[in-house]
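final-v5.cif (mmCIF, C-alpha atoms and all ligand atoms)
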```
data_my_file
#
loop_
_atom_site.label_atom_id
_atom_site.label_comp_id
_atom_site.auth_asym_id
_atom_site.auth_seq_id
_atom_site.Cartn_x
_atom_site.Cartn_y
_atom_site.Cartn_z
CA MET Z 35 15.65 17.30 18.75
CA ASP Z 36 18.80 16.27 16.89
CA ARG Z 37 19.60 12.69 15.91
CA ARG Z 38 21.91 12.08 18.84
CA GLN Z 39 19.25 13.22 21.27
CA TRP Z 40 16.57 11.00 19.89
CA LEU Z 41 18.88 8.01 19.69
CA ARG Z 42 19.55 8.54 23.43
CA LEU Z 43 15.82 8.83 23.98
CA VAL Z 44 15.22 5.65 22.00
CA SER Z 45 17.55 3.61 24.14
CA ALA Z 46 16.23 5.07 27.42
CA THR Z 47 12.63 4.43 26.41
CA SER Z 48 13.50 0.99 25.13
CA CYS Z 49 15.08 -0.05 28.44
CA ALA Z 50 12.03 1.03 30.41
CA ALA Z 51 9.71 -0.68 27.98
CA THR Z 52 11.79 -3.84 28.07
CA LEU Z 53 11.47 -4.16 31.83
CA ALA Z 54 7.73 -3.71 31.60
CA THR Z 55 7.28 -6.07 28.72
CA ARG Z 56 9.64 -8.85 29.80
CA GLN Z 57 7.09 -9.77 32.39
CA SER Z 58 4.32 -10.10 29.85
CA LEU Z 59 6.01 -11.55 26.79
CA ALA Z 60 7.06 -15.17 26.73
CA SER Z 61 10.32 -16.18 28.33
CA PRO Z 62 12.24 -19.30 27.35
CA LYS Z 63 10.55 -22.48 28.45
CA ALA Z 64 9.58 -25.75 26.94
CA TYR Z 65 6.39 -25.45 24.98
CA GLN Z 66 4.54 -28.70 24.67
CA HIS Z 67 2.35 -28.39 21.62
CA GLY Z 68 2.97 -25.20 19.75
CA VAL Z 69 3.14 -21.44 19.65
CA VAL Z 70 1.31 -19.22 17.19
CA ILE Z 71 1.77 -15.44 17.19
CA ALA Z 72 0.20 -12.82 14.96
CA THR Z 73 0.13 -9.07 14.54
CA TRP Z 74 -2.63 -6.97 16.11
CA PRO Z 75 -5.45 -7.87 18.50
CA PHE Z 76 -7.69 -9.16 15.72
CA GLY Z 77 -5.04 -11.82 15.05
CA LEU Z 78 -6.23 -13.81 18.08
CA GLU Z 79 -8.98 -15.62 16.18
CA ALA Z 80 -6.46 -16.40 13.47
CA CYS Z 81 -3.97 -17.73 16.03
CA GLN Z 82 -6.64 -19.90 17.62
CA LYS Z 83 -7.64 -21.41 14.30
CA SER Z 84 -4.02 -21.84 13.38
CA TYR Z 85 -3.20 -23.60 16.65
CA GLU Z 86 -6.21 -25.93 16.32
CA THR Z 87 -5.00 -26.85 12.86
CA LEU Z 88 -1.45 -27.38 14.08
CA VAL Z 89 -2.49 -29.84 16.77
CA ASP Z 90 -5.28 -31.48 14.79
CA PRO Z 91 -4.77 -35.24 15.41
CA ALA Z 92 -5.55 -35.96 11.76
CA ARG Z 93 -2.48 -33.94 10.79
CA LYS Z 94 -0.12 -35.42 13.38
CA GLY Z 95 3.31 -36.07 11.92
CA LYS Z 96 2.34 -34.65 8.55
CA PRO Z 97 4.93 -32.23 7.19
CA GLN Z 98 2.38 -29.79 5.76
CA ARG Z 99 0.62 -29.21 9.08
CA LEU Z 100 2.50 -25.98 9.79
CA LEU Z 101 1.58 -24.57 6.42
CA ASP Z 102 -1.99 -25.72 6.91
CA ALA Z 103 -1.95 -23.93 10.27
CA VAL Z 104 -0.65 -20.68 8.79
CA GLU Z 105 -3.07 -20.73 5.88
CA ALA Z 106 -6.10 -21.67 8.00
CA GLY Z 107 -5.34 -18.93 10.53
CA ILE Z 108 -4.84 -16.18 7.99
CA ARG Z 109 -7.98 -17.18 6.10
CA VAL Z 110 -9.98 -16.36 9.22
CA THR Z 111 -8.84 -12.74 9.03
CA GLU Z 112 -9.19 -12.59 5.26
CA SER Z 113 -12.81 -13.71 5.62
CA ASP Z 114 -13.73 -10.96 8.08
CA PRO Z 115 -15.89 -8.44 6.19
CA GLY Z 116 -15.27 -5.88 8.93
CA ASN Z 117 -11.50 -5.86 8.59
CA ARG Z 118 -10.57 -2.98 6.26
CA TRP Z 119 -6.95 -4.00 5.85
CA VAL Z 120 -6.94 -7.69 5.06
CA GLY Z 121 -8.88 -9.87 2.62
CA ILE Z 122 -12.38 -9.27 1.31
CA GLY Z 123 -13.16 -6.26 3.51
CA GLY Z 124 -10.03 -4.29 2.60
CA TYR Z 125 -9.97 -0.68 1.42
CA PRO Z 126 -9.48 -0.40 -2.34
CA ASN Z 127 -6.70 1.44 -4.12
CA ALA Z 128 -6.98 4.97 -5.53
CA ASP Z 129 -8.98 3.63 -8.50
CA GLY Z 130 -11.49 1.90 -6.25
CA VAL Z 131 -10.04 -1.57 -6.94
CA LEU Z 132 -9.08 -3.92 -4.11
CA GLN Z 133 -5.58 -5.23 -4.77
CA LEU Z 134 -4.36 -7.80 -2.26
CA ASP Z 135 -0.85 -8.96 -1.38
CA ALA Z 136 0.23 -12.09 0.50
CA CYS Z 137 3.18 -14.33 1.19
CA ILE Z 138 3.64 -17.73 2.79
CA MET Z 139 6.95 -19.25 3.78
CA ASP Z 140 7.78 -22.75 4.85
CA GLY Z 141 10.64 -23.17 7.23
CA GLN Z 142 10.56 -26.92 7.37
CA ARG Z 143 13.73 -28.76 6.61
CA PRO Z 144 15.52 -29.41 4.37
CA ARG Z 145 15.01 -26.10 2.60
CA GLN Z 146 13.13 -22.85 2.53
CA ARG Z 147 10.19 -22.41 0.23
CA SER Z 148 8.01 -19.40 -0.35
CA GLY Z 149 5.11 -18.23 -2.48
CA SER Z 150 3.67 -14.74 -2.95
CA VAL Z 151 1.05 -12.84 -4.86
CA ALA Z 152 0.88 -9.10 -5.32
CA GLY Z 153 -1.86 -6.88 -6.69
CA LEU Z 154 -4.34 -9.76 -6.74
CA VAL Z 155 -7.84 -8.66 -7.79
CA GLY Z 156 -11.08 -10.64 -7.52
CA TYR Z 157 -9.98 -13.14 -4.88
CA GLY Z 158 -10.49 -12.89 -1.12
CA HIS Z 159 -7.86 -15.37 0.03
CA PRO Z 160 -4.50 -14.28 -1.34
CA ILE Z 161 -2.77 -16.46 1.26
CA SER Z 162 -4.17 -19.57 -0.43
CA VAL Z 163 -3.14 -18.35 -3.87
CA ALA Z 164 0.34 -17.62 -2.48
CA ARG Z 165 0.51 -21.17 -1.18
CA LYS Z 166 -0.45 -22.47 -4.61
CA VAL Z 167 2.34 -20.40 -6.13
CA MET Z 168 4.74 -22.08 -3.71
CA GLU Z 169 3.47 -25.59 -4.20
CA GLU Z 170 2.30 -25.67 -7.80
CA THR Z 171 4.88 -23.54 -9.60
CA PRO Z 172 8.66 -23.29 -9.57
CA HIS Z 173 8.29 -19.54 -8.90
CA ALA Z 174 8.24 -17.29 -5.86
CA ILE Z 175 5.94 -14.41 -6.86
CA LEU Z 176 3.06 -13.87 -9.29
CA VAL Z 177 1.55 -10.43 -9.80
CA GLY Z 178 -1.54 -8.65 -11.08
CA GLU Z 179 -3.73 -10.08 -13.81
CA ASP Z 180 -1.52 -13.09 -14.25
CA ALA Z 181 -1.76 -13.93 -10.56
CA ALA Z 182 -5.56 -13.81 -10.94
CA ARG Z 183 -5.34 -15.99 -14.06
CA PHE Z 184 -3.28 -18.49 -12.09
CA ALA Z 185 -5.76 -18.39 -9.18
CA LYS Z 186 -8.58 -19.13 -11.59
CA ALA Z 187 -6.70 -22.04 -13.13
CA GLN Z 188 -6.12 -23.41 -9.63
CA GLY Z 189 -9.80 -23.23 -8.81
CA CYS Z 190 -9.41 -20.67 -6.02
CA GLU Z 191 -12.68 -19.10 -4.92
CA THR Z 192 -13.41 -15.66 -6.32
CA ALA Z 193 -14.75 -12.68 -4.34
CA GLN Z 194 -16.77 -9.61 -5.29
CA THR Z 195 -14.70 -6.77 -3.94
CA PRO Z 196 -14.49 -4.15 -2.61
CA LEU Z 197 -17.35 -4.57 -0.17
CA PRO Z 198 -19.93 -1.73 -0.13
CA GLU Z 199 -18.62 -0.13 3.10
CA ALA Z 200 -15.06 -0.05 1.83
CA LEU Z 201 -16.23 1.29 -1.52
CA GLN Z 202 -18.22 4.02 0.19
CA ALA Z 203 -15.14 5.11 2.15
CA TRP Z 204 -13.23 5.24 -1.12
CA LYS Z 205 -15.96 7.35 -2.77
CA GLU Z 206 -15.80 9.86 0.06
CA TRP Z 207 -12.02 9.95 -0.15
CA LYS Z 208 -12.21 10.39 -3.92
CA ALA Z 209 -14.78 13.19 -3.67
CA LYS Z 210 -12.58 15.15 -1.26
CA GLN Z 211 -9.59 14.54 -3.46
CA SER Z 212 -11.27 15.94 -6.56
CA GLU Z 213 -12.48 18.95 -4.59
CA GLY Z 214 -8.86 19.51 -3.64
CA LYS Z 215 -9.73 19.21 0.04
CA GLU Z 216 -7.74 17.24 2.45
CA ALA Z 217 -8.50 13.53 2.19
CA PRO Z 218 -10.69 12.37 5.07
CA LYS Z 219 -9.03 10.37 7.77
CA VAL Z 220 -9.63 6.70 7.37
CA PRO Z 221 -11.65 5.41 10.32
CA GLY Z 222 -9.74 3.28 12.78
CA GLN Z 223 -6.06 2.61 12.48
CA ASP Z 224 -4.03 3.45 9.44
CA HIS Z 225 -3.06 -0.12 8.73
CA ASP Z 226 -3.55 -3.64 9.96
CA THR Z 227 -1.76 -6.37 8.04
CA ILE Z 228 -1.88 -9.86 9.50
CA THR Z 229 1.46 -11.56 9.82
CA LEU Z 230 1.30 -14.92 11.55
CA LEU Z 231 4.14 -17.21 12.65
CA ALA Z 232 3.54 -20.80 13.76
CA TRP Z 233 6.10 -22.85 15.68
CA SER Z 234 5.97 -26.52 16.64
CA PRO Z 235 7.95 -28.32 19.36
CA THR Z 236 9.75 -30.14 16.55
CA HIS Z 237 11.41 -26.73 15.98
CA GLU Z 238 9.73 -26.23 12.64
CA ILE Z 239 8.36 -22.82 11.77
CA ALA Z 240 6.15 -21.45 9.01
CA GLY Z 241 4.74 -17.99 8.47
CA GLY Z 242 2.47 -15.95 6.32
CA CYS Z 243 1.17 -12.45 5.85
CA SER Z 244 -1.79 -10.96 4.04
CA THR Z 245 -2.82 -7.38 3.42
CA SER Z 246 -4.68 -4.91 1.27
CA GLY Z 247 -1.74 -2.60 1.87
CA LEU Z 248 -2.23 1.10 2.40
CA ALA Z 249 -5.75 2.49 2.01
CA PHE Z 250 -6.36 4.13 -1.40
CA LYS Z 251 -2.82 3.31 -2.44
CA MET Z 252 -1.43 4.10 -5.85
CA PRO Z 253 -2.62 1.35 -8.23
CA GLY Z 254 0.13 -1.21 -8.63
CA ARG Z 255 1.86 -0.23 -5.41
CA VAL Z 256 3.28 -3.25 -3.60
CA GLY Z 257 4.38 -3.10 0.01
CA ASP Z 258 6.60 -5.30 2.13
CA SER Z 259 4.08 -8.07 2.83
CA PRO Z 260 4.48 -10.23 -0.29
CA ILE Z 261 8.22 -9.66 -0.53
CA VAL Z 262 10.33 -12.34 1.09
CA GLY Z 263 12.66 -10.71 3.59
CA GLY Z 264 10.53 -7.57 3.75
CA GLY Z 265 7.27 -8.37 5.54
CA LEU Z 266 8.19 -11.99 6.27
CA TYR Z 267 11.18 -14.26 6.55
CA VAL Z 268 11.50 -17.81 7.81
CA ASP Z 269 14.73 -19.73 8.15
CA PRO Z 270 14.40 -23.32 9.35
CA LYS Z 271 17.72 -23.19 11.18
CA VAL Z 272 17.18 -19.91 12.99
CA GLY Z 273 13.64 -18.61 13.34
CA ALA Z 274 11.22 -16.24 11.70
CA ALA Z 275 10.23 -12.60 11.65
CA GLY Z 276 7.42 -10.59 10.14
CA ALA Z 277 6.12 -7.08 9.97
CA THR Z 278 3.21 -4.69 9.80
CA GLY Z 279 3.33 -0.99 9.13
CA THR Z 280 4.53 1.29 6.37
CA GLY Z 281 5.88 -1.21 3.90
CA GLU Z 282 8.29 1.14 2.17
CA ASN Z 283 10.18 1.75 5.41
CA ILE Z 284 10.44 -1.98 6.06
CA LEU Z 285 11.23 -3.02 2.50
CA ARG Z 286 14.18 -0.71 2.00
CA TYR Z 287 16.02 -2.49 4.81
CA CYS Z 288 14.82 -6.07 4.26
CA GLY Z 289 13.50 -5.74 7.82
CA SER Z 290 12.36 -9.31 8.44
CA PHE Z 291 15.42 -10.84 6.83
CA LEU Z 292 17.64 -8.57 8.87
CA ALA Z 293 15.93 -9.66 12.09
CA VAL Z 294 16.45 -13.33 11.29
CA GLU Z 295 20.08 -12.70 10.40
CA LYS Z 296 20.60 -10.99 13.73
CA MET Z 297 19.09 -14.01 15.49
CA ARG Z 298 21.45 -16.20 13.48
CA GLN Z 299 24.31 -14.19 14.95
CA GLY Z 300 23.05 -14.84 18.47
CA ALA Z 301 20.57 -12.06 19.19
CA THR Z 302 17.36 -12.89 21.00
CA PRO Z 303 14.16 -12.09 19.07
CA GLU Z 304 13.77 -8.92 21.13
CA GLN Z 305 17.36 -7.77 20.60
CA ALA Z 306 17.11 -8.54 16.90
CA LEU Z 307 13.96 -6.47 16.47
CA ARG Z 308 15.31 -3.57 18.50
CA GLU Z 309 18.41 -3.52 16.33
CA VAL Z 310 16.38 -3.66 13.13
CA ILE Z 311 14.26 -0.70 14.19
CA ALA Z 312 17.35 1.26 15.25
CA ARG Z 313 18.97 0.48 11.91
CA ILE Z 314 15.93 1.60 9.93
CA ALA Z 315 15.57 4.78 11.99
CA GLU Z 316 19.20 5.58 11.45
CA GLY Z 317 18.94 4.94 7.75
CA GLU Z 318 15.84 7.06 7.43
CA GLN Z 319 17.32 9.82 9.61
CA ARG Z 320 14.02 10.02 11.43
CA PRO Z 321 12.85 9.08 14.90
CA PRO Z 322 11.20 5.66 15.07
CA SER Z 323 7.91 7.28 16.08
CA GLU Z 324 7.61 8.67 12.55
CA LEU Z 325 8.20 5.37 10.78
CA SER Z 326 5.29 3.10 11.64
CA ILE Z 327 7.31 -0.11 11.61
CA ASN Z 328 6.20 -3.01 13.78
CA PHE Z 329 7.68 -6.47 13.98
CA LEU Z 330 7.33 -9.84 15.62
CA ALA Z 331 9.90 -12.64 15.71
CA ILE Z 332 10.26 -16.16 17.03
CA ASP Z 333 13.36 -18.27 17.40
CA GLN Z 334 13.88 -21.99 17.00
CA GLN Z 335 13.05 -22.63 20.66
CA GLY Z 336 9.73 -20.82 20.40
CA ASN Z 337 10.89 -17.68 22.26
CA PHE Z 338 9.23 -14.67 20.74
CA ALA Z 339 9.06 -10.89 20.92
CA ALA Z 340 7.11 -8.02 19.42
CA VAL Z 341 8.72 -4.63 19.01
CA GLY Z 342 7.27 -1.68 17.14
CA THR Z 343 6.95 2.05 16.84
CA ASP Z 344 3.16 2.44 16.86
CA ALA Z 345 1.50 3.15 20.21
CA ASP Z 346 -1.34 0.74 19.52
CA TYR Z 347 0.79 -2.14 18.27
CA GLN Z 348 -0.06 -5.39 20.03
CA ILE Z 349 0.26 -9.02 19.14
CA SER Z 350 -1.98 -12.02 19.60
CA VAL Z 351 -0.54 -15.20 21.00
CA VAL Z 352 -1.65 -18.80 21.47
CA ILE Z 353 0.73 -20.94 23.50
CA ASP Z 354 -0.16 -24.57 23.98
CA GLY Z 355 -3.79 -23.70 23.43
CA GLU Z 356 -3.90 -20.64 25.69
CA GLY Z 357 -4.68 -17.39 23.92
CA SER Z 358 -3.89 -13.81 24.90
CA ARG Z 359 -3.24 -10.36 23.51
CA GLN Z 360 0.06 -8.89 24.55
CA PRO Z 361 1.57 -5.41 24.31
CA ALA Z 362 4.58 -4.92 22.12
CA ILE Z 363 7.75 -3.17 23.24
CA ARG Z 364 7.45 0.34 21.91
CA ILE Z 365 10.38 2.23 20.44
CA VAL Z 366 9.79 5.94 19.93
C1 LIG Q 401 2.03 -2.49 3.38
N1 LIG Q 401 2.88 -3.36 5.44
O1 LIG Q 401 1.45 -2.80 2.36
C2 LIG Q 401 1.69 -3.22 4.64
C3 LIG Q 401 0.61 -2.47 5.34
C4 LIG Q 401 0.51 -2.86 6.76
O2 LIG Q 401 -0.35 -2.72 8.79
O3 LIG Q 401 1.22 -3.60 7.33
N2 LIG Q 401 -0.34 -2.40 7.49
O4 LIG Q 401 2.84 -1.58 3.45
#
```
Written as structure tokens, how would this file's structure read?
Ligand code: SD4
Amino acid sequence: MDRRQWLRLVSATSCAATLATRQSLASPKAYQHGVVIATWPFGLEACQKSYETLVDPARKGKPQRLLDAVEAGIRVTESDPGNRWVGIGGYPNADGVLQLDACIMDGQRPRQRSGSVAGLVGYGHPISVARKVMEETPHAILVGEDAARFAKAQGCETAQTPLPEALQAWKEWKAKQSEGKEAPKVPGQDHDTITLLAWSPTHEIAGGCSTSGLAFKMPGRVGDSPIVGGGLYVDPKVGAAGATGTGENILRYCGSFLAVEKMRQGATPEQALREVIARIAEGEQRPPSELSINFLAIDQQGNFAAVGTDADYQISVVIDGEGSRQPAIRIV
């Protein structure tokens, strides 16, 4: 199929998918208490915790409640020993070392703030270290050993990683590699970053993402998740977007930033994400189905959308306390 043909296919498939998904994804209405959305079905527990934190009476009126909500939600996923892509349970890199990436971004007025860590070793909650970077330093990103040194100085809790199951998978992968055989398929999906966006009826938004990146990645490799504008972007005046998937494909196009900029120009979250995926596919000269790029976005009114290229991409949603898992619009 040439490029023209698949671009035609993309728009035909997109239209059909839109009709199907418009019924299930949120349409504009007045949300009373808050909306929290996150990537993947496992994000539901994170969204629930995040929402509870957002509406916690003890935090009412406090400016940091959105950040608290994002951090608390993502920590739920990071704590799950069965999740091989986020936090303590993540697959290690090619050397058998678990290197974690995370970013948090605060869209509360009057200005944007962000904090990130990349290649963090020995800590299970990179989202909390990222928040410390944002709040306790004048910087945006800390990496590697120095990020760990900073985490230690901040009193962040350490973690013994990788966990035995993840290490065993790495050993099997390594053994096949040294025999020159094809690397075994990683069980389950290929990737599963959590990206979570929290919106309050005061039109404030905050977001975060956390990942172990690609399984058995090259040591030192950093994906889109800790890079502002790549795996996450929050603009207090417009909305927010985030991503999961093959970070390199997202990073090269500042995917989340691009989505927010499109919303700034008047696109709905769904239109913005469709356009971002089309732009990336065009730039890569490949059909979307080969890119593994999945997004979610929310605007200032709390309207949201999820659009991606992976068949199994879904998002988790909590609206005014009601949780659900919803299919994303698929672009192929
Ligand atoms: C990365 N985007 O490091 C992350 C991986 C991911 O779902 O999202 N997986 O490239």
task: Please indicate the distance in Å from atom CA of Z:Gly123 to atom CA of Z:Thr229, rounded to one decimal place.
output: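 Value for the atom CA of Z:Gly123-atom CA of Z:Thr229 distance: 16.8 Å.
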Write out as CSV a residue-level contact list of chain Z versus ligand LIG 401 (chain Q) with cut-off 9 Å: for each qualifying residue the closest pair of atoms and the distance in Å to one decimal, counting only C-alpha atoms and all ligand atoms, rows sorted by chain and residue number upward.
```
residue,atom,partner,partner_atom,distance
Z:Thr73,CA,Q:LIG401,O2,8.6
Z:Trp74,CA,Q:LIG401,O2,8.8
Z:Trp119,CA,Q:LIG401,N2,7.0
Z:Val120,CA,Q:LIG401,N2,8.8
Z:Leu134,CA,Q:LIG401,O1,8.9
Z:Asp135,CA,Q:LIG401,O1,7.6
Z:Gln223,CA,Q:LIG401,O2,8.6
Z:Asp224,CA,Q:LIG401,N2,7.2
Z:His225,CA,Q:LIG401,O2,3.8
Z:Asp226,CA,Q:LIG401,O2,3.5
Z:Thr227,CA,Q:LIG401,O2,4.0
Z:Ile228,CA,Q:LIG401,O3,7.3
Z:Thr229,CA,Q:LIG401,O3,8.3
Z:Cys243,CA,Q:LIG401,O3,9.0
Z:Ser244,CA,Q:LIG401,C2,8.5
Z:Thr245,CA,Q:LIG401,C2,6.3
Z:Ser246,CA,Q:LIG401,O1,6.6
Z:Gly247,CA,Q:LIG401,O1,3.2
Z:Leu248,CA,Q:LIG401,O1,5.4
Z:Ala249,CA,Q:LIG401,C3,8.7
Z:Lys251,CA,Q:LIG401,O1,8.9
Z:Arg255,CA,Q:LIG401,O1,8.2
Z:Val256,CA,Q:LIG401,O1,6.3
Z:Gly257,CA,Q:LIG401,O1,3.8
Z:Asp258,CA,Q:LIG401,N1,5.3
Z:Ser259,CA,Q:LIG401,N1,5.5
Z:Pro260,CA,Q:LIG401,O1,8.5
Z:Gly264,CA,Q:LIG401,N1,8.9
Z:Gly265,CA,Q:LIG401,N1,6.7
Z:Ala277,CA,Q:LIG401,O3,6.6
Z:Thr278,CA,Q:LIG401,O3,3.4
Z:Gly279,CA,Q:LIG401,O3,3.8
Z:Thr280,CA,Q:LIG401,O4,4.4
Z:Gly281,CA,Q:LIG401,O4,3.1
Z:Glu282,CA,Q:LIG401,O4,6.2
Z:Asn283,CA,Q:LIG401,O4,8.3
Z:Ile284,CA,Q:LIG401,N1,7.7
Z:Leu285,CA,Q:LIG401,O4,8.6
Z:Ser326,CA,Q:LIG401,O2,8.6
Z:Ile327,CA,Q:LIG401,O3,8.2
Z:Asn328,CA,Q:LIG401,O3,8.2
```
- request: Find, counting only C-alpha atoms, the residue in Z:Glu112, Z:Ile175, Z:Tyr125, Z:Lys96 that gets nearest to Z:Tyr157.
  value: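 Between Z:Glu112, Z:Ile175, Z:Tyr125, Z:Lys96, the residue approaching Z:Tyr157 most closely is Z:Glu112.
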message: Using all atoms listed in the file - which residues lie no farther than 9 Å from the point (12.5, -8.6, 6.4) in the file's frame? Write them as a list in words.
response: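 Final list of nearby residues, as requested, is Asp258, Ile261, Val262, Gly263, Gly264, Gly265, Leu266, Tyr267, Ala275, Gly276, Ala277, Ile284, Leu285, Tyr287, Cys288, Gly289, Ser290, Phe291, Leu292, Ala293 and Val294 of chain Z.
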- line: Students should find that atom CA of Z:Ala362 and atom CA of Z:Ser350 are spaced 10.0 Å
Non-local contacts of Z:Leu231 (7 Å; all atoms listed in the file; under 5 positions in same chain excluded) as an MDAnalysis selection string: chainID Z and resid 70:72 240:242
Selection file, C-alpha atoms, as a PDB file, in the coordinates of the input:
```
ATOM      1  CA  VAL Z  70       1.310 -19.220  17.190  1.00  0.00           C
ATOM      2  CA  ILE Z  71       1.770 -15.440  17.190  1.00  0.00           C
ATOM      3  CA  ALA Z  72       0.200 -12.820  14.960  1.00  0.00           C
ATOM      4  CA  ALA Z 240       6.150 -21.450   9.010  1.00  0.00           C
ATOM      5  CA  GLY Z 241       4.740 -17.990   8.470  1.00  0.00           C
ATOM      6  CA  GLY Z 242       2.470 -15.950   6.320  1.00  0.00           C
TER       7      GLY Z 242
END
```
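Atom to atom, atom CA of Z:Gly68 and atom CA of Z:Ala80 stand 14.3 Å apart.
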Neighbour list for Z:Glu105 as a compact mmCIF listing (two decimals) with C-alpha atoms, keeping the file's coordinate frame, cut-off 8 Å, all atoms listed in the file, skip fewer than 5 positions in-chain:
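Ended up saving to selection10.txt:
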```txt
# COMPACT_ATOMS: atom_id res chain seq x y z
CA SER Z 84 -4.02 -21.84 13.38
CA ILE Z 138 3.64 -17.73 2.79
CA ILE Z 161 -2.77 -16.46 1.26
CA SER Z 162 -4.17 -19.57 -0.43
CA ARG Z 165 0.51 -21.17 -1.18
CA GLY Z 242 2.47 -15.95 6.32
```
query: Near Z:Arg145, counting all atoms listed in the file, which residues have an atom at most 12 Å away, once you skip same-chain residues fewer than 6 positions from it, shown as a PyMOL selection string?
result: chain Z and resi 139+238-240+268-271
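Remark: for Z:Cys190, the closest of the candidate residues Z:Ser358, Z:Gly158, Z:Val177, Z:Glu170 is Z:Gly158 (distances computed over only C-alpha atoms).
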Enclosing box along x, y and z for every listed atom of stretch 170-178 of chain Z, padded 5 Å each side, centre and size in Å, one decimal, as AutoDock Vina command-line options:
```
--center_x 3.6 --center_y -17.2 --center_z -8.5 --size_x 20.2 --size_y 27.0 --size_z 15.2
```
- request: Would you mind telling me which residue in Z:Arg147, Z:Lys296, Z:His67, Z:Arg286 lies nearest to Z:Ile353 when using all atoms listed in the file?
  value: Z:His67
query: Using all atoms listed in the file, which of Z:Ala209, Z:Leu230, Z:Leu201, Z:Leu100 sits nearest Z:Val352?
result: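 Closest candidate: Z:Leu230.
Each of Z:Pro198, Z:Ala174, Z:Asp346, Z:Arg364 was checked against Z:Pro75 using only C-alpha atoms; the smallest atom-to-atom distance is that of Z:Asp346.
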- request: May I have the protein, DNA and RNA residues with any atom at most 6 Å from the point (10.6, -11.3, 19.6), counting all atoms listed in the file, written as an NGL selection string?
  value: :Z and (303-304 or 330-332 or 338-340)
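You can rank Z:Val167, Z:Val366, Z:Cys81, Z:Ala136 by their closest distance to Z:Val341 using all atoms listed in the file, and at the top of that list sits Z:Val366.
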